[in-house]
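Raw coords_34.cif, mmCIF, C-alpha atoms:
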```cif
data_protein
loop_
_atom_site.label_atom_id
_atom_site.label_comp_id
_atom_site.auth_asym_id
_atom_site.auth_seq_id
_atom_site.Cartn_x
_atom_site.Cartn_y
_atom_site.Cartn_z
CA MET I 1 -153.95 -38.33 -20.91
CA SER I 2 -155.19 -36.77 -17.65
CA ASN I 3 -158.44 -34.84 -17.44
CA LEU I 4 -158.49 -31.25 -16.19
CA TYR I 5 -159.84 -32.23 -12.77
CA THR I 6 -156.92 -34.60 -12.22
CA ILE I 7 -154.51 -31.90 -13.34
CA GLN I 8 -156.01 -29.41 -10.90
CA LYS I 9 -155.66 -31.90 -8.04
CA ARG I 10 -151.94 -32.22 -8.79
CA PHE I 11 -151.58 -28.49 -8.31
CA ASP I 12 -153.31 -28.58 -4.92
CA THR I 13 -150.02 -29.75 -3.40
CA VAL I 14 -148.00 -26.92 -4.93
CA GLN I 15 -147.36 -25.34 -1.53
CA SER I 16 -144.92 -28.17 -0.82
CA TYR I 17 -142.48 -26.67 -3.34
CA ALA I 18 -140.05 -24.42 -1.54
CA THR I 19 -138.72 -22.37 -4.48
CA HIS I 20 -140.14 -20.75 -7.58
CA GLU I 21 -137.91 -22.92 -9.79
CA GLU I 22 -139.31 -26.08 -8.19
CA LEU I 23 -142.81 -24.81 -8.95
CA LEU I 24 -141.96 -24.21 -12.62
CA ILE I 25 -140.39 -27.67 -12.95
CA HIS I 26 -143.51 -29.16 -11.33
CA ILE I 27 -145.71 -27.33 -13.84
CA LEU I 28 -143.72 -28.71 -16.78
CA GLN I 29 -143.78 -32.21 -15.31
CA VAL I 30 -147.57 -32.09 -14.97
CA TYR I 31 -147.76 -30.83 -18.56
CA LEU I 32 -145.64 -33.74 -19.84
CA ASP I 33 -147.61 -36.27 -17.80
CA SER I 34 -151.00 -34.91 -18.81
CA PHE I 35 -150.70 -34.44 -22.56
CA PRO I 36 -149.33 -36.58 -25.46
CA ILE I 37 -146.03 -34.73 -25.74
CA LYS I 38 -142.42 -35.55 -24.97
CA ASP I 39 -140.73 -32.20 -24.39
CA ALA I 40 -141.52 -28.78 -22.95
CA TYR I 41 -139.83 -25.40 -23.27
CA LEU I 42 -140.99 -22.75 -20.80
CA LEU I 43 -140.48 -19.11 -21.78
CA ARG I 44 -141.47 -15.81 -20.22
CA TYR I 45 -143.04 -13.17 -22.48
CA SER I 46 -143.17 -9.39 -22.43
CA PRO I 47 -145.61 -7.40 -24.60
CA ILE I 48 -143.07 -4.56 -24.53
CA GLY I 49 -141.02 -5.33 -27.60
CA PHE I 50 -142.84 -8.67 -28.05
CA VAL I 51 -139.85 -10.42 -26.48
CA ALA I 52 -139.73 -14.02 -25.23
CA GLU I 53 -136.93 -15.39 -23.05
CA GLY I 54 -136.19 -19.00 -22.20
CA ILE I 55 -136.42 -20.30 -18.63
CA ILE I 56 -136.43 -24.11 -18.41
CA PHE I 57 -136.50 -27.11 -20.77
CA LEU I 58 -137.75 -30.51 -19.62
CA ASN I 59 -138.18 -33.94 -21.22
CA GLU I 60 -138.17 -37.56 -20.04
CA SER I 61 -134.36 -37.55 -19.94
CA GLY I 62 -134.01 -34.51 -17.71
CA GLY I 63 -133.94 -30.74 -18.00
CA SER I 64 -131.81 -27.65 -18.41
CA HIS I 65 -131.91 -23.88 -18.18
CA ILE I 66 -132.46 -22.15 -21.53
CA GLY I 67 -131.72 -18.56 -20.64
CA GLU I 68 -129.77 -18.10 -23.86
CA ILE I 69 -133.03 -18.09 -25.84
CA ARG I 70 -134.29 -14.55 -26.50
CA GLU I 71 -136.52 -13.87 -29.48
CA GLU I 72 -138.91 -11.30 -30.91
CA ILE I 73 -142.01 -13.47 -31.28
CA ARG I 74 -143.46 -11.61 -34.26
CA SER I 75 -140.87 -13.57 -36.28
CA PHE I 76 -142.89 -16.70 -35.40
CA PRO I 77 -146.49 -16.32 -36.68
CA ILE I 78 -147.88 -19.28 -34.74
CA ILE I 79 -146.44 -18.02 -31.43
CA TYR I 80 -147.71 -14.51 -32.10
CA ALA I 81 -151.18 -15.86 -32.98
CA ALA I 82 -151.33 -18.04 -29.85
CA ILE I 83 -150.47 -15.05 -27.66
CA GLU I 84 -152.85 -12.69 -29.43
CA ASP I 85 -155.74 -15.20 -29.32
CA LYS I 86 -154.81 -16.65 -25.90
CA LYS I 87 -155.33 -20.09 -27.37
CA ALA I 88 -153.13 -23.18 -27.82
CA LYS I 89 -151.98 -23.63 -31.43
CA PHE I 90 -150.43 -26.48 -33.40
CA CYS I 91 -148.73 -26.78 -36.77
CA THR I 92 -146.96 -29.50 -38.70
CA GLY I 93 -145.74 -30.29 -42.23
CA MET I 94 -145.75 -27.31 -44.59
CA ASP I 95 -147.41 -25.09 -41.97
CA TYR I 96 -144.45 -25.80 -39.69
CA LEU I 97 -142.00 -24.59 -42.36
CA LYS I 98 -144.04 -21.42 -42.87
CA ASN I 99 -144.37 -20.63 -39.17
CA ILE I 100 -140.99 -21.58 -37.70
CA SER I 101 -137.81 -19.94 -38.96
CA ILE I 102 -135.19 -22.50 -40.01
CA LYS I 103 -132.58 -20.47 -38.13
CA TYR I 104 -134.35 -20.86 -34.81
CA SER I 105 -136.35 -24.06 -35.17
CA ILE I 106 -135.70 -26.75 -32.56
CA PRO I 107 -134.47 -30.06 -34.08
CA SER I 108 -137.39 -32.45 -34.39
CA GLN I 109 -138.06 -35.75 -36.11
CA ASN I 110 -141.64 -34.91 -37.02
CA ASN I 111 -141.46 -31.14 -37.72
CA SER I 112 -144.32 -30.32 -35.39
CA PHE I 113 -144.75 -27.32 -33.11
CA LEU I 114 -147.23 -26.85 -30.28
CA ILE I 115 -147.60 -23.71 -28.18
CA VAL I 116 -149.66 -23.15 -25.03
CA PRO I 117 -149.92 -19.52 -23.81
CA ILE I 118 -149.74 -18.89 -20.07
CA TYR I 119 -152.21 -16.17 -19.21
CA ILE I 120 -154.68 -14.71 -16.76
CA GLY I 121 -157.49 -12.51 -18.07
CA GLN I 122 -156.07 -10.56 -21.00
CA TYR I 123 -152.50 -10.75 -19.70
CA VAL I 124 -150.16 -13.28 -21.35
CA PHE I 125 -146.83 -13.52 -19.52
CA GLY I 126 -145.34 -16.74 -20.82
CA TYR I 127 -145.83 -19.87 -22.87
CA ILE I 128 -144.87 -23.53 -23.15
CA CYS I 129 -143.87 -24.95 -26.52
CA SER I 130 -143.21 -28.53 -27.62
CA THR I 131 -141.70 -30.12 -30.73
CA GLN I 132 -141.78 -33.82 -29.82
CA LEU I 133 -145.20 -35.49 -29.74
CA GLU I 134 -146.23 -39.05 -29.08
CA GLU I 135 -146.63 -41.05 -32.28
CA GLU I 136 -150.01 -41.27 -34.05
CA ILE I 137 -151.59 -38.63 -31.83
CA ASP I 138 -154.35 -36.50 -33.32
CA ILE I 139 -154.00 -32.90 -32.15
CA ASN I 140 -157.67 -31.95 -32.41
CA GLU I 141 -159.66 -28.92 -31.25
CA LYS I 142 -160.76 -30.62 -28.01
CA LEU I 143 -157.13 -31.26 -27.04
CA LEU I 144 -156.14 -27.69 -27.93
CA ASP I 145 -159.05 -26.37 -25.84
CA ASP I 146 -157.87 -28.46 -22.87
CA MET I 147 -154.35 -27.13 -23.33
CA THR I 148 -155.68 -23.58 -23.48
CA THR I 149 -157.48 -24.17 -20.18
CA PHE I 150 -154.25 -25.60 -18.78
CA GLY I 151 -152.42 -22.40 -19.76
CA ASN I 152 -155.00 -20.32 -17.90
CA MET I 153 -154.89 -22.71 -14.92
CA ILE I 154 -151.15 -22.39 -14.47
CA GLY I 155 -151.33 -18.66 -15.15
CA GLN I 156 -153.59 -18.32 -12.12
CA LEU I 157 -151.34 -20.66 -10.14
CA ILE I 158 -148.21 -18.62 -10.86
CA MET I 159 -150.01 -15.39 -9.96
CA GLN I 160 -151.21 -16.91 -6.68
CA ALA I 161 -147.66 -18.02 -5.93
CA ARG I 162 -146.42 -14.51 -6.63
CA ASN I 163 -149.05 -12.95 -4.40
CA SER I 164 -148.16 -15.29 -1.56
CA LYS I 165 -144.57 -14.01 -1.60
CA LYS I 166 -143.50 -11.03 0.44
CA GLU I 167 -143.49 -8.61 -2.43
CA GLY I 168 -145.09 -5.91 -0.32
CA PHE I 169 -141.68 -4.59 0.69
CA LEU I 170 -141.45 -3.13 -2.81
CA SER I 171 -143.92 -0.45 -3.82
CA LYS I 172 -146.17 -1.02 -6.83
CA ARG I 173 -144.05 1.39 -8.88
CA GLU I 174 -140.76 -0.19 -7.81
CA LEU I 175 -142.04 -3.64 -8.73
CA GLU I 176 -143.30 -2.40 -12.11
CA VAL I 177 -139.93 -0.80 -12.87
CA MET I 178 -137.97 -3.89 -11.80
CA ARG I 179 -140.11 -6.14 -13.99
CA GLN I 180 -139.24 -3.98 -16.98
CA VAL I 181 -135.57 -3.99 -15.99
CA ALA I 182 -135.79 -7.80 -15.93
CA GLN I 183 -137.15 -7.70 -19.48
CA GLY I 184 -134.01 -5.88 -20.61
CA ASP I 185 -135.52 -2.42 -21.08
CA SER I 186 -133.23 0.56 -20.69
CA THR I 187 -133.88 3.40 -18.24
CA LYS I 188 -135.04 5.60 -21.13
CA GLU I 189 -137.38 2.91 -22.49
CA ILE I 190 -138.91 2.40 -19.06
CA ALA I 191 -139.27 6.16 -18.53
CA ASP I 192 -141.00 6.56 -21.90
CA ALA I 193 -143.32 3.60 -21.27
CA MET I 194 -144.32 4.85 -17.79
CA ASN I 195 -144.37 8.55 -18.77
CA LEU I 196 -141.85 9.39 -16.05
CA SER I 197 -138.40 11.00 -16.05
CA GLU I 198 -135.26 8.90 -16.32
CA LEU I 199 -134.16 10.33 -12.95
CA THR I 200 -137.36 9.02 -11.33
CA ILE I 201 -136.85 5.57 -12.84
CA THR I 202 -133.26 5.53 -11.59
CA GLN I 203 -134.47 6.39 -8.08
CA TYR I 204 -137.04 3.56 -8.17
CA VAL I 205 -134.30 1.12 -9.17
CA LYS I 206 -131.94 2.33 -6.45
CA SER I 207 -134.71 2.08 -3.86
CA ALA I 208 -135.62 -1.46 -4.94
CA ILE I 209 -131.97 -2.56 -4.85
CA LYS I 210 -131.64 -1.18 -1.33
CA LYS I 211 -134.84 -2.85 -0.08
CA LEU I 212 -133.78 -6.18 -1.58
CA ARG I 213 -130.31 -5.79 -0.03
CA ALA I 214 -128.87 -6.48 -3.45
CA LYS I 215 -125.47 -5.45 -4.78
CA ASN I 216 -126.70 -4.15 -8.13
CA ARG I 217 -129.51 -4.40 -10.70
CA SER I 218 -128.58 -7.89 -11.83
CA HIS I 219 -128.43 -9.17 -8.26
CA ALA I 220 -131.82 -7.58 -7.50
CA ILE I 221 -133.41 -9.24 -10.54
CA SER I 222 -131.89 -12.56 -9.52
CA ILE I 223 -133.47 -12.24 -6.07
CA LEU I 224 -136.87 -11.42 -7.57
CA TYR I 225 -136.66 -14.47 -9.84
CA GLN I 226 -135.60 -16.75 -7.02
CA GLU I 227 -138.45 -15.54 -4.83
CA GLY I 228 -140.94 -16.05 -7.66
CA ILE I 229 -142.00 -12.41 -7.57
CA ILE I 230 -141.32 -12.17 -11.29
CA LEU I 231 -141.51 -15.12 -13.68
#
```
Would you put the structure from the file into structure tokens?
Amino acid sequence: MSNLYTIQKRFDTVQSYATHEELLIHILQVYLDSFPIKDAYLLRYSPIGFVAEGIIFLNESGGSHIGEIREEIRSFPIIYAAIEDKKAKFCTGMDYLKNISIKYSIPSQNNSFLIVPIYIGQYVFGYICSTQLEEEIDINEKLLDDMTTFGNMIGQLIMQARNSKKEGFLSKRELEVMRQVAQGDSTKEIADAMNLSELTITQYVKSAIKKLRAKNRSHAISILYQEGIIL
């Protein structure tokens, strides 16, 4: 298992990754190489509606997009606790059965679940979860603390990557609205959350679409994801 200094050094070369997706894959690869785990699911998280959405899955055999995953995380006590506490959590055995719904649990030989929140300050915007661990590994408090630090480390990394992108062509309000659009919120929900009229929200969306030279909302969100401006 790598120490945190070694992990940080591996992120020093992150500028060599041309796209946001390459950066996310790199993050998961470092995670797999650094800790005693065999798989990694990366999900974005929104505190509005407590919704998590899948992005990428990676293991030693390869990877895949997992955009079909969309869940309300309050249905998963361990995920909710990790996000609320901003701390890596682990469960196995009977605790696993209590924390992970049978309907949505990921097939696993050892019925274990590990979650690492991705955060900066008080803001949690994603998490990595794993169900396959190396055999005879003791998931102790020291390891969970290191994983928590890792989650904060990559949270800062992702934010730095975002800030380095040319997101200045969208105003702060336009960017805020488009992030909520990306989370699946309706015009009315966004208007209520921002205490603005639905007409104003619609104008922000139209303006953002125009500035991004996109065809529609979906195309605009796709551009923002590809550029790494939103996770």
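Interatomic distance, atom CA of I:Asn111 to atom CA of I:Tyr80: 18.6 Å.
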TODO: List the neighbours of I:Asn152 out to 6 Å using only C-alpha atoms; skip same-chain residues closer than 2 positions along the sequence, and give me the result as a PyMOL selection string.
DONE: chain I and resi 118-120+149-150+154-155
- [ ] Translate the PyMOL selection byres ((chain I and resi 174-179) around 10), as applied to the file shown, into an explicit residue set as a ChimeraX atom specification.
- [x] /I:46,167-173,180-185,187,190-191,194,201-209,217,220-221,224-225,229-231
Open item on the list: Using only C-alpha atoms for the distances, tell me which of I:Tyr31, I:Phe125, I:Tyr96, I:Gly67 is nearest to I:Tyr45.
Closed with: I:Phe125
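If you measure from each of I:Ala82, I:Ser34, I:Gly49, I:Arg74 to I:Tyr5 using all atoms listed in the file, the closest one turns out to be I:Ser34.
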Task: Picked residues, the PyMOL selection byres ((chain I and resi 65) around 8), expected as a list in words - done: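 Selection result, ordered by chain and number: Gly54, Ile55, Ile56, Phe57, Gly63, Ser64, Ile66 and Gly67 of chain I.
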Export of the given selection (C-alpha atoms) as a tab-separated table (two decimals), in the frame of the given file:
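The resulting selection.tsv:
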```tsv
chain	number	residue	atom	x	y	z
I	54	GLY	CA	-136.19	-19.00	-22.20
I	55	ILE	CA	-136.42	-20.30	-18.63
I	56	ILE	CA	-136.43	-24.11	-18.41
I	57	PHE	CA	-136.50	-27.11	-20.77
I	63	GLY	CA	-133.94	-30.74	-18.00
I	64	SER	CA	-131.81	-27.65	-18.41
I	66	ILE	CA	-132.46	-22.15	-21.53
I	67	GLY	CA	-131.72	-18.56	-20.64
```
So that all listed atoms of stretch 2-9 of chain I fit with 6 Å spare on each side, what axis-aligned box centre and edge lengths in Å, to one decimal, would you give as JSON?
```
{"center_x": -157.2, "center_y": -33.1, "center_z": -12.8, "size_x": 17.3, "size_y": 19.4, "size_z": 21.6}
```
Task: Expansion of the PyMOL selection byres ((chain I and resi 139) around 12) into residues, as a list in words - done: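 Going through the file, the PyMOL selection byres ((chain I and resi 139) around 12) ends up selecting Phe35, Pro36, Ile37, Ala88, Lys89, Phe90, Cys91, Thr92, Ser112, Phe113, Leu114, Ile115, Leu133, Glu134, Glu135, Glu136, Ile137, Asp138, Asn140, Glu141, Lys142, Leu143, Leu144, Asp145, Asp146 and Met147 of chain I.
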TODO: For atom CA of I:Ser61 and atom CA of I:Thr6, determine how far apart the two atoms are, in Å to one decimal place.
DONE: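 These two atoms are separated by 24.0 Å.
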Task: Gap from atom CA of I:Arg213 to atom CA of I:Glu53 - Å, one decimal - done: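 That distance, rounded to one decimal, is 25.8 Å.
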